[in-house]
Amino acid sequence: MNSLDAFFGGFDSASVTVGETTVFCRRKGSGPPLLLLHGFPQTHLMWHAVAPRLAEQFTVICADLRGYGASGKPESAPDHAPYSKAAMARDLVELMASMGFASFSVAGHDRGGRVAYRMALDHADRIERIALLDIIPTGEALARADPRLALSYWPWSLLSQPEPLPERLLTAEPAAIVDDALTNWGSDPSSFPVAIHSAYVEALRDPQTAHAICEEFRASVTLDRQADQRDRQASRQITQRTLVLWAADGPLDTWYADVGGPLGVWRQWAPQAHGKALAGGHFFPEQNPEETGNELIAFFTAPAST
């Protein structure tokens with residue numbers, strides 16, 4: 001057992017083949033299936049303080065997205081399609097099917113939230129409920145982009161640049177990348193367990209991982225944005241019950257007040273969306289795991305009629 005296993009006591013781990021790649025995941029529990037997805041610059045480890053509690057009521061699967069952590073890094077393509085959210089969504093639907101789950105619920109933070117809502121749109125019959133943490137839809141974020149987005153959430157503009165510049169920056173100074181994200185997005189790097197922080201840094205040091213992450217960001221500003229535009233033009237909506245959580249006093253809490261905040265944006269996509277702001281900055285699942293867990297448990301266990 002390595003030092004990271006200790007954060008997931010009783011969880012089984014596996015690397016599962018899904019189509020053209022593999023997905024690393026940890027699993028525990030015997031209740032209804034619940035998939036947890038991470039963001040940048042994290043891995044599935046971001047759920048270390050929430051997943052054990054959720055596993056008391058759900059079958060919890062914490063997965064590394066394609067290209068991140070211990071999951072596979074398949075070769076990309078000129079159009080970045082292997083790292084689109086549609087491709088990542090297919091991976092995870094196959095992962096859950098391989099475990100015997102024809103349908104399941106999902107909670108996604110940051111990049112994982114973008115994969116989660118793509119699953120809800122493209123695989124609606126497979127997704128029961130969905131929780132989206134500290135995001136608005138990709139197309140909406142880019143359509144509303146201004147200097148605040150470019151400066152505050154610099155990965156959007158930096159990591160989507162043509163290779164090899166962003167890859168070289170990630171691998172040359174991974175600790176600076178992680179610490180800047182944690183600090184400027186409302187968290188204190190010193191409050192993260194040393195082993196978890198080190199794992200985030202070491203993941204970015206790997207050239208294959210750095211390239212895959214940059215390809216995922218390149219896909220966001222091209223293919224993912226286009227997919228969102230097609231969905232809006234076709235009036236496609238997320239029909240599942242939807243929970244939206246965001247960082248109190250963070251960008252989502254202040255930037256979109258003119259349209260009703262994050263809920264105002266999401267209700268154009270998901271009429272059943274409800275939610276609230278939580279303390280803890282962008283990384284509130286790690287900084288405020290108790291309240292995050294409470295909200296997720298309440299949402300995923302609520303009777304269908306409420």
# chains A, B, ... in the order shown; residues from 1 in each chain; ligands from 1
call {"tool": "residues_around", "arguments": {"residues": "Ala219 in chain A", "least_positions_apart": "5", "cutoff": "9 Å", "atoms": "only C-alpha atoms", "output": "number ranges by chain"}}
result
A: 79-85, 160, 214, 224-225
call {"tool": "write_last_selection", "arguments": {"atoms": "N, CA and C atoms", "output": "short mmCIF file (atom, residue, chain, number, x, y, z; two decimals), in the first residue's frame"}}
result
data_model
loop_
_atom_site.label_atom_id
_atom_site.label_comp_id
_atom_site.auth_asym_id
_atom_site.auth_seq_id
_atom_site.Cartn_x
_atom_site.Cartn_y
_atom_site.Cartn_z
N ASP A 79 -7.33 17.51 -34.66
CA ASP A 79 -8.53 18.24 -34.21
C ASP A 79 -8.80 18.08 -32.72
N HIS A 80 -7.91 17.37 -31.99
CA HIS A 80 -7.98 17.17 -30.54
C HIS A 80 -9.16 16.29 -30.12
N ALA A 81 -9.81 15.62 -31.06
CA ALA A 81 -11.01 14.84 -30.75
C ALA A 81 -10.82 13.78 -29.67
N PRO A 82 -9.66 13.11 -29.59
CA PRO A 82 -9.51 12.11 -28.53
C PRO A 82 -9.59 12.69 -27.12
N TYR A 83 -9.50 14.01 -26.99
CA TYR A 83 -9.58 14.63 -25.66
C TYR A 83 -10.80 15.55 -25.52
N SER A 84 -11.77 15.36 -26.39
CA SER A 84 -13.02 16.08 -26.24
C SER A 84 -13.79 15.52 -25.05
N LYS A 85 -14.72 16.32 -24.53
CA LYS A 85 -15.55 15.83 -23.43
C LYS A 85 -16.44 14.69 -23.89
N SER A 160 -4.54 26.08 -23.86
CA SER A 160 -5.11 25.83 -25.18
C SER A 160 -4.24 26.37 -26.31
N CYS A 214 -3.17 19.48 -21.97
CA CYS A 214 -3.24 20.59 -22.92
C CYS A 214 -4.18 20.25 -24.08
N ASP A 224 -15.53 21.15 -27.90
CA ASP A 224 -16.52 21.22 -26.82
C ASP A 224 -17.41 22.45 -26.97
N ARG A 225 -16.80 23.56 -27.31
CA ARG A 225 -17.58 24.78 -27.54
C ARG A 225 -18.57 24.58 -28.68
#
call {"tool": "select_by_dssp", "arguments": {"residues": "range 99-297 of chain A", "states": "strand (DSSP E)", "output": "NGL selection string"}}
result
:A and (104-109 or 127-133 or 241-247 or 274-278)
call {"tool": "select_by_dssp", "arguments": {"residues": "range 55-88 of chain A", "states": "helix (DSSP H, G or I)", "output": "PyMOL selection string"}}
result
chain A and resi 81-83+85-88
call {"tool": "write_last_selection", "arguments": {"atoms": "N, CA and C atoms", "output": "PDB file, in the first residue's frame"}}
result
ATOM      1  N   ALA A  81      -9.809  15.615 -31.059  1.00  0.00           N
ATOM      2  CA  ALA A  81     -11.013  14.840 -30.752  1.00  0.00           C
ATOM      3  C   ALA A  81     -10.818  13.777 -29.674  1.00  0.00           C
ATOM      4  N   PRO A  82      -9.660  13.107 -29.591  1.00  0.00           N
ATOM      5  CA  PRO A  82      -9.505  12.106 -28.532  1.00  0.00           C
ATOM      6  C   PRO A  82      -9.588  12.688 -27.121  1.00  0.00           C
ATOM      7  N   TYR A  83      -9.498  14.013 -26.985  1.00  0.00           N
ATOM      8  CA  TYR A  83      -9.579  14.629 -25.664  1.00  0.00           C
ATOM      9  C   TYR A  83     -10.796  15.554 -25.523  1.00  0.00           C
ATOM     10  N   LYS A  85     -14.724  16.318 -24.534  1.00  0.00           N
ATOM     11  CA  LYS A  85     -15.547  15.829 -23.429  1.00  0.00           C
ATOM     12  C   LYS A  85     -16.438  14.685 -23.886  1.00  0.00           C
ATOM     13  N   ALA A  86     -16.795  14.654 -25.171  1.00  0.00           N
ATOM     14  CA  ALA A  86     -17.590  13.541 -25.687  1.00  0.00           C
ATOM     15  C   ALA A  86     -16.817  12.232 -25.579  1.00  0.00           C
ATOM     16  N   ALA A  87     -15.517  12.265 -25.906  1.00  0.00           N
ATOM     17  CA  ALA A  87     -14.690  11.062 -25.802  1.00  0.00           C
ATOM     18  C   ALA A  87     -14.536  10.647 -24.345  1.00  0.00           C
ATOM     19  N   MET A  88     -14.310  11.605 -23.466  1.00  0.00           N
ATOM     20  CA  MET A  88     -14.171  11.298 -22.050  1.00  0.00           C
ATOM     21  C   MET A  88     -15.471  10.737 -21.486  1.00  0.00           C
TER      22      MET A  88
END
call {"tool": "closest_residue", "arguments": {"among": "A:Gly264, A:Pro251, A:Gly67, A:Pro207", "to": "Thr22 in chain A", "atoms": "only C-alpha atoms"}}
result
A:Gly67
call {"tool": "closest_residue", "arguments": {"among": "A:Ile127, A:Ile196, A:Ile238, A:Leu296", "to": "Ala102 in chain A", "atoms": "only C-alpha atoms"}}
result
A:Ile127
call {"tool": "residues_around", "arguments": {"residues": "Ala279 in chain A", "least_positions_apart": "4", "cutoff": "7 Å", "atoms": "only C-alpha atoms", "output": "PyMOL selection string"}}
result
chain A and resi 247-248+284+288
call {"tool": "residues_around", "arguments": {"residues": "Ile177 in chain A", "least_positions_apart": "3", "cutoff": "10 Å", "atoms": "only C-alpha atoms", "output": "list in words"}}
result
Pro41, Pro155, Leu169, Leu170, Thr171, Ala172, Glu173, Pro174, Asp180, Ala181, Leu182, Tyr200, Val201 and Leu204 of chain A
call {"tool": "write_last_selection", "arguments": {"atoms": "N, CA and C atoms", "output": "short mmCIF file (atom, residue, chain, number, x, y, z; two decimals), in the first residue's frame"}}
result
data_model
loop_
_atom_site.label_atom_id
_atom_site.label_comp_id
_atom_site.auth_asym_id
_atom_site.auth_seq_id
_atom_site.Cartn_x
_atom_site.Cartn_y
_atom_site.Cartn_z
N PRO A 41 -5.92 21.24 -11.37
CA PRO A 41 -4.85 20.32 -11.76
C PRO A 41 -4.85 19.05 -10.90
N PRO A 155 -5.63 28.89 -17.19
CA PRO A 155 -5.49 27.67 -18.00
C PRO A 155 -6.30 27.70 -19.29
N LEU A 169 5.85 24.52 -20.20
CA LEU A 169 5.65 25.26 -18.96
C LEU A 169 5.14 24.35 -17.85
N LEU A 170 4.21 23.46 -18.19
CA LEU A 170 3.67 22.55 -17.17
C LEU A 170 4.76 21.64 -16.60
N THR A 171 5.56 21.06 -17.46
CA THR A 171 6.56 20.10 -16.99
C THR A 171 7.75 20.79 -16.33
N ALA A 172 8.02 22.05 -16.71
CA ALA A 172 9.17 22.75 -16.15
C ALA A 172 8.91 23.24 -14.74
N GLU A 173 7.68 23.68 -14.45
CA GLU A 173 7.37 24.26 -13.14
C GLU A 173 6.03 23.73 -12.62
N PRO A 174 5.90 22.42 -12.46
CA PRO A 174 4.60 21.88 -12.02
C PRO A 174 4.17 22.37 -10.65
N ASP A 180 -0.12 28.09 -7.81
CA ASP A 180 -0.81 29.28 -8.29
C ASP A 180 -2.30 29.02 -8.40
N ALA A 181 -2.67 27.86 -8.92
CA ALA A 181 -4.09 27.53 -9.03
C ALA A 181 -4.75 27.47 -7.65
N LEU A 182 -4.12 26.79 -6.73
CA LEU A 182 -4.70 26.66 -5.39
C LEU A 182 -4.83 28.03 -4.71
N TYR A 200 -0.35 15.79 -7.14
CA TYR A 200 -0.79 16.72 -8.18
C TYR A 200 0.42 17.28 -8.94
N VAL A 201 1.48 17.61 -8.19
CA VAL A 201 2.69 18.17 -8.81
C VAL A 201 3.36 17.13 -9.69
N LEU A 204 1.81 16.47 -13.18
CA LEU A 204 2.10 17.46 -14.21
C LEU A 204 3.54 17.38 -14.71
#
call {"tool": "residues_around", "arguments": {"residues": "Arg241 in chain A", "least_positions_apart": "4", "cutoff": "7 Å", "atoms": "only C-alpha atoms", "output": "PyMOL selection string"}}
result
chain A and resi 129-130+272-273
call {"tool": "write_last_selection", "arguments": {"atoms": "C-alpha atoms", "output": "JSON list (two decimals), in the first residue's frame"}}
result
[["chain", "number", "residue", "atom", "x", "y", "z"],
["A", 129, "ARG", "CA", -28.91, 12.66, -11.42],
["A", 130, "ILE", "CA", -26.06, 15.07, -11.88],
["A", 272, "GLN", "CA", -34.55, 21.32, -12.82],
["A", 273, "ALA", "CA", -31.30, 22.86, -11.61]]
call {"tool": "atom_distance", "arguments": {"atom1": "CA of Gly39 in chain A", "atom2": "CA of Val244 in chain A"}}
result
15.4 Å
call {"tool": "residues_around", "arguments": {"residues": "Ala63 in chain A", "least_positions_apart": "4", "cutoff": "10 Å", "atoms": "only C-alpha atoms", "output": "list of chain:residue names"}}
result
A:Ser13, A:Ala14, A:Ser15, A:Val23, A:Phe24, A:Cys25, A:Arg26, A:Arg27, A:Leu35, A:Leu36, A:Leu37, A:His38, A:Thr43, A:His44, A:Leu45, A:Trp47, A:Tyr68, A:Gly69, A:Ala70, A:Ser71, A:Leu92, A:Leu95, A:Gly112
call {"tool": "residues_around", "arguments": {"residues": "Ala51 in chain A", "least_positions_apart": "3", "cutoff": "12 Å", "atoms": "only C-alpha atoms", "output": "PyMOL selection string"}}
result
chain A and resi 7-11+26-29+34-38+44-48+54-63+107+285-286+289-290+292-294+296-297
call {"tool": "write_last_selection", "arguments": {"atoms": "N, CA and C atoms", "output": "short mmCIF file (atom, residue, chain, number, x, y, z; two decimals), in the first residue's frame"}}
result
data_model
loop_
_atom_site.label_atom_id
_atom_site.label_comp_id
_atom_site.auth_asym_id
_atom_site.auth_seq_id
_atom_site.Cartn_x
_atom_site.Cartn_y
_atom_site.Cartn_z
N PHE A 7 -5.63 7.28 2.08
CA PHE A 7 -6.73 8.24 2.02
C PHE A 7 -8.03 7.57 1.57
N PHE A 8 -7.92 6.35 1.05
CA PHE A 8 -9.09 5.65 0.54
C PHE A 8 -9.17 4.26 1.15
N GLY A 9 -9.20 4.23 2.49
CA GLY A 9 -9.25 2.97 3.20
C GLY A 9 -10.45 2.13 2.79
N GLY A 10 -10.22 0.88 2.44
CA GLY A 10 -11.30 -0.02 2.07
C GLY A 10 -11.73 0.09 0.62
N PHE A 11 -11.20 1.03 -0.12
CA PHE A 11 -11.52 1.15 -1.55
C PHE A 11 -10.68 0.16 -2.35
N ARG A 26 -11.09 4.02 -8.21
CA ARG A 26 -11.23 3.40 -6.89
C ARG A 26 -12.72 3.22 -6.61
N ARG A 27 -13.05 2.13 -5.92
CA ARG A 27 -14.47 1.80 -5.71
C ARG A 27 -14.68 1.28 -4.30
N LYS A 28 -15.80 1.72 -3.72
CA LYS A 28 -16.20 1.21 -2.41
C LYS A 28 -17.70 1.44 -2.24
N GLY A 29 -18.34 0.54 -1.49
CA GLY A 29 -19.74 0.71 -1.15
C GLY A 29 -20.64 -0.30 -1.82
N LEU A 34 -22.56 5.92 -7.80
CA LEU A 34 -22.27 7.35 -7.87
C LEU A 34 -20.84 7.53 -8.36
N LEU A 35 -20.69 8.15 -9.51
CA LEU A 35 -19.39 8.40 -10.12
C LEU A 35 -18.93 9.81 -9.74
N LEU A 36 -17.68 9.92 -9.29
CA LEU A 36 -17.10 11.21 -8.90
C LEU A 36 -15.95 11.55 -9.84
N LEU A 37 -16.00 12.76 -10.41
CA LEU A 37 -15.01 13.20 -11.40
C LEU A 37 -14.31 14.47 -10.94
N HIS A 38 -13.04 14.54 -11.22
CA HIS A 38 -12.17 15.62 -10.74
C HIS A 38 -11.95 16.70 -11.78
N HIS A 44 -8.37 11.97 -9.25
CA HIS A 44 -9.44 11.46 -8.39
C HIS A 44 -9.16 11.70 -6.91
N LEU A 45 -7.90 11.99 -6.57
CA LEU A 45 -7.53 12.19 -5.17
C LEU A 45 -8.25 13.37 -4.54
N MET A 46 -8.80 14.28 -5.36
CA MET A 46 -9.50 15.43 -4.80
C MET A 46 -10.68 15.02 -3.93
N TRP A 47 -11.19 13.80 -4.11
CA TRP A 47 -12.36 13.34 -3.37
C TRP A 47 -11.99 12.61 -2.08
N HIS A 48 -10.73 12.69 -1.68
CA HIS A 48 -10.26 11.87 -0.56
C HIS A 48 -11.01 12.15 0.75
N LEU A 54 -19.37 9.28 1.46
CA LEU A 54 -20.39 8.93 0.47
C LEU A 54 -20.52 7.42 0.31
N ALA A 55 -19.39 6.72 0.48
CA ALA A 55 -19.40 5.26 0.30
C ALA A 55 -20.21 4.54 1.38
N GLU A 56 -20.59 5.25 2.44
CA GLU A 56 -21.45 4.65 3.45
C GLU A 56 -22.88 4.46 2.92
N GLN A 57 -23.24 5.23 1.88
CA GLN A 57 -24.60 5.16 1.34
C GLN A 57 -24.67 4.80 -0.14
N PHE A 58 -23.54 4.93 -0.85
CA PHE A 58 -23.53 4.70 -2.29
C PHE A 58 -22.39 3.74 -2.65
N THR A 59 -22.48 3.17 -3.85
CA THR A 59 -21.31 2.55 -4.45
C THR A 59 -20.56 3.66 -5.15
N VAL A 60 -19.46 4.09 -4.56
CA VAL A 60 -18.73 5.25 -5.05
C VAL A 60 -17.59 4.80 -5.95
N ILE A 61 -17.52 5.40 -7.12
CA ILE A 61 -16.41 5.17 -8.05
C ILE A 61 -15.73 6.51 -8.30
N CYS A 62 -14.47 6.64 -7.90
CA CYS A 62 -13.67 7.84 -8.15
C CYS A 62 -12.74 7.52 -9.32
N ALA A 63 -12.85 8.25 -10.41
CA ALA A 63 -12.07 7.93 -11.61
C ALA A 63 -11.15 9.07 -12.01
N ALA A 107 -21.22 13.20 -10.05
CA ALA A 107 -20.85 14.52 -9.55
C ALA A 107 -19.51 14.87 -10.16
N PRO A 285 -14.53 21.03 -2.45
CA PRO A 285 -14.63 19.64 -2.00
C PRO A 285 -13.47 19.21 -1.11
N GLU A 286 -12.31 19.85 -1.28
CA GLU A 286 -11.16 19.55 -0.44
C GLU A 286 -11.05 20.50 0.75
N PRO A 289 -15.01 19.80 2.94
CA PRO A 289 -15.59 18.50 2.59
C PRO A 289 -16.87 18.17 3.35
N GLU A 290 -17.00 18.66 4.57
CA GLU A 290 -18.20 18.32 5.34
C GLU A 290 -19.46 18.88 4.69
N THR A 292 -19.73 20.00 1.59
CA THR A 292 -19.85 19.40 0.26
C THR A 292 -20.52 18.04 0.35
N GLY A 293 -20.06 17.21 1.29
CA GLY A 293 -20.67 15.90 1.47
C GLY A 293 -22.13 15.98 1.85
N ASN A 294 -22.46 16.90 2.75
CA ASN A 294 -23.86 17.07 3.16
C ASN A 294 -24.76 17.39 1.97
N LEU A 296 -24.21 16.83 -1.26
CA LEU A 296 -24.28 15.72 -2.22
C LEU A 296 -25.17 14.60 -1.68
N ILE A 297 -25.04 14.28 -0.41
CA ILE A 297 -25.87 13.23 0.16
C ILE A 297 -27.35 13.62 0.12
#
call {"tool": "closest_residue", "arguments": {"among": "A:Gly275, A:Pro33, A:Pro147, A:Pro74", "to": "Met96 in chain A", "atoms": "only C-alpha atoms"}}
result
A:Pro33
call {"tool": "atom_distance", "arguments": {"atom1": "CA of His282 in chain A", "atom2": "CA of Asp249 in chain A"}}
result
9.9 Å
call {"tool": "atom_distance", "arguments": {"atom1": "CA of Thr242 in chain A", "atom2": "CA of Arg267 in chain A"}}
result
9.4 Å
call {"tool": "closest_residue", "arguments": {"among": "A:Thr21, A:Ser157, A:Ala131, A:Arg232", "to": "Ala145 in chain A", "atoms": "only C-alpha atoms"}}
result
A:Ser157
call {"tool": "closest_residue", "arguments": {"among": "A:Phe101, A:Tyr153, A:Phe40, A:Trp266", "to": "Phe283 in chain A", "atoms": "only C-alpha atoms"}}
result
A:Phe40
